[in-house]
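Heads up, structure-v5.cif below (mmCIF, C-alpha atoms):
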```cif
data_model
loop_
_atom_site.label_atom_id
_atom_site.label_comp_id
_atom_site.auth_asym_id
_atom_site.auth_seq_id
_atom_site.Cartn_x
_atom_site.Cartn_y
_atom_site.Cartn_z
CA ASP A 38 -5.80 29.61 -6.24
CA ALA A 39 -3.10 30.24 -3.62
CA GLY A 40 -1.72 33.29 -5.41
CA ILE A 41 1.20 31.45 -7.00
CA THR A 42 2.66 32.43 -10.32
CA GLN A 43 5.55 30.89 -12.19
CA SER A 44 7.66 32.46 -14.89
CA PRO A 45 8.37 31.75 -17.58
CA ARG A 46 5.60 29.28 -18.35
CA HIS A 47 7.52 27.80 -21.27
CA LYS A 48 11.20 27.93 -22.12
CA VAL A 49 13.44 26.31 -24.68
CA THR A 50 17.15 26.57 -24.13
CA GLU A 51 20.37 24.93 -25.19
CA THR A 52 22.63 22.60 -23.28
CA GLY A 53 25.16 24.42 -21.16
CA THR A 54 23.22 27.65 -20.73
CA PRO A 55 22.10 28.92 -17.32
CA VAL A 56 18.39 29.03 -16.63
CA THR A 57 16.46 30.62 -13.78
CA LEU A 58 12.84 29.86 -13.03
CA ARG A 59 10.84 32.11 -10.76
CA CYS A 60 8.07 31.29 -8.34
CA HIS A 61 6.16 34.22 -6.91
CA GLN A 62 3.53 34.17 -4.18
CA THR A 63 1.43 37.03 -2.90
CA GLU A 64 0.41 35.84 0.56
CA ASN A 65 3.68 35.67 2.55
CA HIS A 66 3.60 31.92 3.02
CA ARG A 67 6.68 30.61 4.76
CA TYR A 68 7.15 27.28 3.01
CA MET A 69 7.89 27.02 -0.69
CA TYR A 70 8.94 24.06 -2.83
CA TRP A 71 10.30 23.22 -6.24
CA TYR A 72 9.36 19.92 -7.91
CA ARG A 73 10.01 18.38 -11.26
CA GLN A 74 7.55 16.07 -12.96
CA ASP A 75 8.64 13.47 -15.49
CA PRO A 76 6.88 10.49 -17.06
CA GLY A 77 7.66 7.34 -15.14
CA HIS A 78 8.96 9.26 -12.14
CA GLY A 79 6.03 11.31 -10.95
CA LEU A 80 6.70 14.36 -8.81
CA ARG A 81 10.10 14.67 -7.21
CA LEU A 82 11.19 17.33 -4.75
CA ILE A 83 14.20 19.37 -5.84
CA HIS A 84 14.57 21.94 -3.06
CA TYR A 85 12.37 23.58 -0.52
CA SER A 86 12.51 26.70 1.62
CA TYR A 87 11.23 27.35 5.11
CA GLY A 88 11.97 31.06 5.16
CA VAL A 89 14.08 33.82 3.71
CA LYS A 90 17.58 32.46 3.11
CA ASP A 91 16.58 29.10 4.61
CA THR A 92 16.56 26.27 2.11
CA ASP A 93 17.11 22.53 2.08
CA LYS A 94 17.70 19.84 -0.51
CA GLY A 95 15.12 17.42 -1.79
CA GLU A 96 15.64 14.04 -3.39
CA VAL A 97 16.86 15.30 -6.80
CA SER A 98 18.85 18.44 -6.00
CA ASP A 99 22.01 17.72 -8.04
CA GLY A 100 22.43 20.31 -10.80
CA TYR A 101 20.03 22.77 -9.20
CA SER A 102 20.43 25.67 -6.82
CA VAL A 103 17.83 27.88 -5.20
CA SER A 104 17.64 31.26 -3.59
CA ARG A 105 15.08 33.04 -1.50
CA SER A 106 16.03 36.60 -0.69
CA LYS A 107 12.42 37.73 -0.26
CA THR A 108 9.45 35.88 1.21
CA GLU A 109 7.48 36.14 -1.98
CA ASP A 110 10.08 34.82 -4.44
CA PHE A 111 11.74 31.41 -4.69
CA LEU A 112 14.17 31.05 -7.57
CA LEU A 113 15.37 27.80 -9.10
CA THR A 114 18.60 27.97 -11.10
CA LEU A 115 20.09 25.43 -13.45
CA GLU A 116 23.68 26.60 -13.62
CA SER A 117 24.42 24.69 -16.82
CA ALA A 118 21.33 23.09 -18.26
CA THR A 119 21.46 19.50 -19.53
CA SER A 120 18.98 17.55 -21.62
CA SER A 121 18.14 15.42 -18.58
CA GLN A 122 16.70 18.55 -16.98
CA THR A 123 14.01 18.78 -19.63
CA SER A 124 10.90 18.57 -17.50
CA VAL A 125 7.86 20.31 -16.14
CA TYR A 126 8.73 22.26 -13.02
CA PHE A 127 6.15 23.02 -10.36
CA CYS A 128 6.39 25.43 -7.50
CA ALA A 129 4.26 24.86 -4.41
CA ILE A 130 3.57 26.56 -1.10
CA THR A 131 2.20 25.46 2.25
CA PRO A 132 -0.05 28.00 3.95
CA SER A 133 0.55 28.60 7.61
CA GLY A 134 -1.35 26.21 9.85
CA ARG A 135 -2.05 23.79 7.01
CA GLY A 136 0.45 21.10 8.01
CA ASP A 137 2.04 19.63 4.91
CA GLU A 138 -0.77 20.53 2.52
CA GLN A 139 0.78 21.93 -0.60
CA PHE A 140 -0.77 24.22 -3.18
CA PHE A 141 0.78 24.23 -6.59
CA GLY A 142 1.50 26.79 -9.23
CA PRO A 143 0.67 26.33 -12.92
CA GLY A 144 4.07 24.88 -13.85
CA THR A 145 6.93 25.74 -16.21
CA ARG A 146 7.70 23.53 -19.17
CA LEU A 147 11.44 23.55 -19.81
CA THR A 148 13.05 22.00 -22.85
CA VAL A 149 16.83 21.71 -23.03
CA LEU A 150 18.07 20.96 -26.53
CA ASP B 11 11.11 7.64 3.60
CA ALA B 12 7.94 5.87 2.69
CA LYS B 13 7.44 4.65 -0.86
CA THR B 14 3.95 4.59 -2.32
CA THR B 15 2.63 2.24 -4.99
CA GLN B 16 -0.54 2.76 -7.01
CA PRO B 17 -2.20 0.98 -9.93
CA PRO B 18 -1.50 2.86 -13.16
CA SER B 19 -5.10 3.15 -14.29
CA MET B 20 -8.70 2.55 -13.26
CA ASP B 21 -12.15 3.01 -14.72
CA CYS B 22 -15.33 4.05 -12.96
CA ALA B 23 -18.91 4.58 -14.08
CA GLU B 24 -20.35 8.03 -13.59
CA GLY B 25 -22.37 8.24 -10.38
CA ARG B 26 -20.67 5.26 -8.82
CA ALA B 27 -18.05 5.32 -6.10
CA ALA B 28 -14.43 5.35 -7.20
CA ASN B 29 -12.08 3.52 -4.85
CA LEU B 30 -8.42 4.23 -5.47
CA PRO B 31 -5.89 2.14 -3.55
CA CYS B 32 -2.39 3.03 -2.42
CA ASN B 33 0.21 0.83 -0.83
CA HIS B 34 2.66 2.45 1.58
CA SER B 35 3.97 -0.53 3.50
CA THR B 36 7.20 1.26 4.55
CA ILE B 37 5.48 4.25 6.07
CA SER B 38 6.78 5.27 9.48
CA GLY B 39 4.68 6.17 12.47
CA ASN B 40 4.85 9.92 12.07
CA GLU B 41 4.36 10.08 8.31
CA TYR B 42 1.06 11.22 6.89
CA VAL B 43 -0.72 9.95 3.80
CA TYR B 44 -1.76 12.64 1.31
CA TRP B 45 -3.89 12.47 -1.80
CA TYR B 46 -3.75 14.91 -4.68
CA ARG B 47 -5.13 14.93 -8.16
CA GLN B 48 -3.91 16.46 -11.39
CA ILE B 49 -6.17 17.38 -14.25
CA HIS B 50 -4.44 17.60 -17.62
CA SER B 51 -1.16 19.48 -17.14
CA GLN B 52 -2.31 21.71 -14.30
CA GLY B 53 -0.57 21.73 -10.93
CA PRO B 54 -1.68 18.99 -8.53
CA GLN B 55 -4.66 19.80 -6.32
CA TYR B 56 -4.85 18.76 -2.67
CA ILE B 57 -7.72 16.40 -1.81
CA ILE B 58 -7.30 14.97 1.67
CA HIS B 59 -4.76 13.61 4.15
CA GLY B 60 -4.63 11.48 7.27
CA LEU B 61 -2.36 9.84 9.80
CA LYS B 62 -4.23 6.97 11.42
CA ASN B 63 -7.93 7.69 11.43
CA ASN B 64 -10.28 7.71 8.51
CA GLU B 65 -10.99 11.17 7.19
CA THR B 66 -13.78 12.75 5.19
CA ASN B 67 -14.18 16.13 3.59
CA GLU B 68 -16.36 17.64 0.92
CA MET B 69 -14.32 16.04 -1.85
CA ALA B 70 -13.55 12.54 -0.68
CA SER B 71 -13.04 10.01 2.07
CA LEU B 72 -9.74 8.45 3.09
CA ILE B 73 -9.65 5.00 4.62
CA ILE B 74 -6.35 3.98 6.22
CA THR B 75 -5.83 0.40 7.30
CA GLU B 76 -5.13 -0.26 10.94
CA ASP B 77 -1.53 -1.28 10.22
CA ARG B 78 -1.18 1.89 8.06
CA LYS B 79 0.37 -0.06 5.22
CA SER B 80 -2.28 0.92 2.73
CA SER B 81 -5.07 3.38 2.16
CA THR B 82 -8.01 3.95 -0.15
CA LEU B 83 -9.30 7.21 -1.51
CA ILE B 84 -13.04 7.13 -2.09
CA LEU B 85 -14.86 9.50 -4.40
CA PRO B 86 -18.43 8.69 -3.39
CA HIS B 87 -20.25 9.74 -6.56
CA ALA B 88 -17.77 10.12 -9.38
CA THR B 89 -18.52 12.63 -12.14
CA LEU B 90 -16.89 13.17 -15.50
CA ARG B 91 -14.98 16.08 -13.97
CA ASP B 92 -13.25 13.65 -11.62
CA THR B 93 -11.33 12.20 -14.55
CA ALA B 94 -7.73 12.92 -13.55
CA VAL B 95 -4.51 11.39 -12.31
CA TYR B 96 -4.67 10.74 -8.57
CA TYR B 97 -1.47 10.75 -6.55
CA CYS B 98 -0.84 9.20 -3.19
CA ALA B 99 2.06 10.73 -1.26
CA ALA B 100 3.55 10.01 2.14
CA GLY B 101 5.83 11.96 4.42
CA ASN B 102 6.13 14.82 6.84
CA ASN B 103 8.30 17.79 7.72
CA ARG B 104 7.81 19.26 4.27
CA LYS B 105 9.16 16.26 2.40
CA LEU B 106 6.63 14.15 0.58
CA ILE B 107 7.42 11.08 -1.50
CA TRP B 108 4.93 10.77 -4.34
CA GLY B 109 3.64 7.70 -6.09
CA LEU B 110 3.39 7.51 -9.87
CA GLY B 111 -0.34 8.09 -9.79
CA THR B 112 -3.49 6.34 -10.93
CA SER B 113 -5.16 7.63 -14.08
CA LEU B 114 -8.89 7.50 -13.31
CA ALA B 115 -11.30 7.53 -16.22
CA VAL B 116 -14.91 8.22 -15.29
CA ASN B 117 -17.16 6.92 -18.02
CA PRO B 118 -20.71 8.08 -18.82
#
```
This structure in structure tokens:
Amino acid sequence: DAGITQSPRHKVTETGTPVTLRCHQTENHRYMYWYRQDPGHGLRLIHYSYGVKDTDKGEVSDGYSVSRSKTEDFLLTLESATSSQTSVYFCAITPSGRGDEQFFGPGTRLTVL
Amino acid sequence: DAKTTQPPSMDCAEGRAANLPCNHSTISGNEYVYWYRQIHSQGPQYIIHGLKNNETNEMASLIITEDRKSSTLILPHATLRDTAVYYCAAGNNRKLIWGLGTSLAVNP
């Protein structure tokens, strides 16, 4: 357990509504990531952060934005949710000195109707 | 970015070695190979990683071919609790490209 929590754990929303998912870590790790996991596609990186206010895009960043105003929190926002964004979202961190090893949170299941 | 390919499923008898292959023929020289596993709907769990040399830890061994185009994760004595989806991923600098995973069933 790398001290990662995600909230909410489950959410159902409607198309066109904004949604924000939160990833919270308790150990001041520098690197944080957001992934989505879908059948037939595996895990795909959405965005990642390498420090407060420092973020970069992953391979499936369209339709998503992120913010990191504090070390411990990494927020993923869907400005206007679409049904194609129905997925399980995982947050991950890399502890300092652990290369690219990533430790994952419990996930958020998002359903967009 | 390297792409990884894995068989969709495999079976293994309890107590025997499980050998899970991964093809990453497009991997570049500075990209690492990582293995994770996912049990049910939990977040993936790190197992092992390597660049060129074979690696071993308390969970598994990783064998990387000399040309680095493929690798094999070895669980030396599989137990029922090793039933999971195993993912091979390749990359570096915080960006990993993940395969679709191999669903390993360990049978009694």
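For the atom pair formed by atom CA of A:Leu82 and atom CA of B:Leu106, the distance is 7.7 Å, given to one decimal.
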- [ ] Using the chain letters and numbers from the file, give me the residues hit by the PyMOL selection byres ((chain B and resi 20) around 10), as a PyMOL selection string.
- [x] chain B and resi 17-19+21-22+28-30+95+112-116
TODO: For atom CA of B:Tyr42 and atom CA of B:Gly109, quote the distance in Å rounded to one decimal.
DONE: 13.7 Å
Neighbour list for B:Thr89 as an mmCIF file with C-alpha atoms, in the frame of the given file, cut-off 9 Å, only C-alpha atoms, skip fewer than 4 positions in-chain:
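Contents of part33.cif, as written:
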```
data_model
loop_
_atom_site.group_PDB
_atom_site.id
_atom_site.type_symbol
_atom_site.label_atom_id
_atom_site.label_comp_id
_atom_site.auth_asym_id
_atom_site.auth_seq_id
_atom_site.Cartn_x
_atom_site.Cartn_y
_atom_site.Cartn_z
ATOM 1 C CA ALA B 23 -18.910 4.580 -14.080
ATOM 2 C CA GLU B 24 -20.350 8.030 -13.590
ATOM 3 C CA GLY B 25 -22.370 8.240 -10.380
ATOM 4 C CA ARG B 26 -20.670 5.260 -8.820
ATOM 5 C CA THR B 93 -11.330 12.200 -14.550
ATOM 6 C CA VAL B 116 -14.910 8.220 -15.290
ATOM 7 C CA ASN B 117 -17.160 6.920 -18.020
ATOM 8 C CA PRO B 118 -20.710 8.080 -18.820
#
```
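Candidate residues A:Thr63, A:Ser124, A:Gln139, A:Thr54 were compared for distance to chain B, and the nearest is A:Gln139, using only C-alpha atoms.
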Write out as JSON lines the residues of chain A that have any atom within 12 Å of an atom of chain B, one row each with the nearest atom pair and its distance in Å to one decimal, counting only C-alpha atoms, sorted by chain and then rising number.
```
{"residue": "A:Asp38", "atom": "CA", "partner": "B:Gln55", "partner_atom": "CA", "distance": 9.9}
{"residue": "A:Ala39", "atom": "CA", "partner": "B:Gln55", "partner_atom": "CA", "distance": 10.9}
{"residue": "A:Ile41", "atom": "CA", "partner": "B:Gly53", "partner_atom": "CA", "distance": 10.6}
{"residue": "A:Thr42", "atom": "CA", "partner": "B:Gly53", "partner_atom": "CA", "distance": 11.2}
{"residue": "A:Gln43", "atom": "CA", "partner": "B:Gly53", "partner_atom": "CA", "distance": 11.1}
{"residue": "A:Arg46", "atom": "CA", "partner": "B:Gln52", "partner_atom": "CA", "distance": 11.7}
{"residue": "A:Arg67", "atom": "CA", "partner": "B:Arg104", "partner_atom": "CA", "distance": 11.4}
{"residue": "A:Tyr68", "atom": "CA", "partner": "B:Arg104", "partner_atom": "CA", "distance": 8.1}
{"residue": "A:Met69", "atom": "CA", "partner": "B:Arg104", "partner_atom": "CA", "distance": 9.2}
{"residue": "A:Tyr70", "atom": "CA", "partner": "B:Arg104", "partner_atom": "CA", "distance": 8.6}
{"residue": "A:Trp71", "atom": "CA", "partner": "B:Lys105", "partner_atom": "CA", "distance": 11.2}
{"residue": "A:Tyr72", "atom": "CA", "partner": "B:Gly53", "partner_atom": "CA", "distance": 10.5}
{"residue": "A:Arg73", "atom": "CA", "partner": "B:Gly53", "partner_atom": "CA", "distance": 11.1}
{"residue": "A:Gln74", "atom": "CA", "partner": "B:Leu110", "partner_atom": "CA", "distance": 10.0}
{"residue": "A:Asp75", "atom": "CA", "partner": "B:Leu110", "partner_atom": "CA", "distance": 9.7}
{"residue": "A:Pro76", "atom": "CA", "partner": "B:Leu110", "partner_atom": "CA", "distance": 8.5}
{"residue": "A:Gly77", "atom": "CA", "partner": "B:Leu110", "partner_atom": "CA", "distance": 6.8}
{"residue": "A:His78", "atom": "CA", "partner": "B:Leu110", "partner_atom": "CA", "distance": 6.3}
{"residue": "A:Gly79", "atom": "CA", "partner": "B:Leu110", "partner_atom": "CA", "distance": 4.8}
{"residue": "A:Leu80", "atom": "CA", "partner": "B:Trp108", "partner_atom": "CA", "distance": 6.0}
{"residue": "A:Arg81", "atom": "CA", "partner": "B:Trp108", "partner_atom": "CA", "distance": 7.1}
{"residue": "A:Leu82", "atom": "CA", "partner": "B:Lys105", "partner_atom": "CA", "distance": 7.5}
{"residue": "A:Ile83", "atom": "CA", "partner": "B:Lys105", "partner_atom": "CA", "distance": 10.1}
{"residue": "A:His84", "atom": "CA", "partner": "B:Lys105", "partner_atom": "CA", "distance": 9.6}
{"residue": "A:Tyr85", "atom": "CA", "partner": "B:Arg104", "partner_atom": "CA", "distance": 7.9}
{"residue": "A:Ser86", "atom": "CA", "partner": "B:Arg104", "partner_atom": "CA", "distance": 9.2}
{"residue": "A:Tyr87", "atom": "CA", "partner": "B:Arg104", "partner_atom": "CA", "distance": 8.8}
{"residue": "A:Thr92", "atom": "CA", "partner": "B:Arg104", "partner_atom": "CA", "distance": 11.4}
{"residue": "A:Asp93", "atom": "CA", "partner": "B:Arg104", "partner_atom": "CA", "distance": 10.1}
{"residue": "A:Lys94", "atom": "CA", "partner": "B:Lys105", "partner_atom": "CA", "distance": 9.7}
{"residue": "A:Gly95", "atom": "CA", "partner": "B:Lys105", "partner_atom": "CA", "distance": 7.4}
{"residue": "A:Glu96", "atom": "CA", "partner": "B:Ile107", "partner_atom": "CA", "distance": 8.9}
{"residue": "A:Val97", "atom": "CA", "partner": "B:Ile107", "partner_atom": "CA", "distance": 11.6}
{"residue": "A:Val125", "atom": "CA", "partner": "B:Ser51", "partner_atom": "CA", "distance": 9.1}
{"residue": "A:Tyr126", "atom": "CA", "partner": "B:Gly53", "partner_atom": "CA", "distance": 9.5}
{"residue": "A:Phe127", "atom": "CA", "partner": "B:Gly53", "partner_atom": "CA", "distance": 6.9}
{"residue": "A:Cys128", "atom": "CA", "partner": "B:Gly53", "partner_atom": "CA", "distance": 8.6}
{"residue": "A:Ala129", "atom": "CA", "partner": "B:Gly53", "partner_atom": "CA", "distance": 8.7}
{"residue": "A:Ile130", "atom": "CA", "partner": "B:Arg104", "partner_atom": "CA", "distance": 10.0}
{"residue": "A:Thr131", "atom": "CA", "partner": "B:Arg104", "partner_atom": "CA", "distance": 8.6}
{"residue": "A:Pro132", "atom": "CA", "partner": "B:Arg104", "partner_atom": "CA", "distance": 11.8}
{"residue": "A:Arg135", "atom": "CA", "partner": "B:His59", "partner_atom": "CA", "distance": 10.9}
{"residue": "A:Gly136", "atom": "CA", "partner": "B:Arg104", "partner_atom": "CA", "distance": 8.5}
{"residue": "A:Asp137", "atom": "CA", "partner": "B:Arg104", "partner_atom": "CA", "distance": 5.8}
{"residue": "A:Glu138", "atom": "CA", "partner": "B:Tyr56", "partner_atom": "CA", "distance": 6.8}
{"residue": "A:Gln139", "atom": "CA", "partner": "B:Tyr56", "partner_atom": "CA", "distance": 6.8}
{"residue": "A:Phe140", "atom": "CA", "partner": "B:Gln55", "partner_atom": "CA", "distance": 6.7}
{"residue": "A:Phe141", "atom": "CA", "partner": "B:Gly53", "partner_atom": "CA", "distance": 5.2}
{"residue": "A:Gly142", "atom": "CA", "partner": "B:Gly53", "partner_atom": "CA", "distance": 5.7}
{"residue": "A:Pro143", "atom": "CA", "partner": "B:Gly53", "partner_atom": "CA", "distance": 5.2}
{"residue": "A:Gly144", "atom": "CA", "partner": "B:Gly53", "partner_atom": "CA", "distance": 6.3}
{"residue": "A:Thr145", "atom": "CA", "partner": "B:Gly53", "partner_atom": "CA", "distance": 10.0}
{"residue": "A:Arg146", "atom": "CA", "partner": "B:Ser51", "partner_atom": "CA", "distance": 10.0}
```
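Note that atom CA of A:Glu116 and atom CA of A:Gly53 are 8.0 Å apart.
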- [ ] Any chance you could resolve the PyMOL selection byres ((chain B and resi 64) around 10) against this file and give the residues as number ranges by chain?
- [x] B: 59-63, 65-66, 71-76, 81-82
Task: Close residues, B:His34 itself excluded, 10 Å, all atoms listed in the file, min 4 positions apart in chain, as a list in words - done: Ala12, Lys13, Thr14, Thr15, Gln16, Ser38, Val43, Arg78, Lys79, Ser80, Ser81, Cys98, Ala99, Ala100 and Gly109 of chain B
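Across A:Ala118, A:Leu147, A:Leu112, A:Val103, the tightest approach to A:Glu51 is made by A:Ala118 when counting only C-alpha atoms.
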Open item on the list: Which residues, named as in the file, does the PyMOL selection byres ((chain B and resi 86) around 7) pick out? Answer as a list in words.
Closed with: Arg26, Ala27, Ala28, Ala70, Ile84, Leu85, His87 and Ala88 of chain B
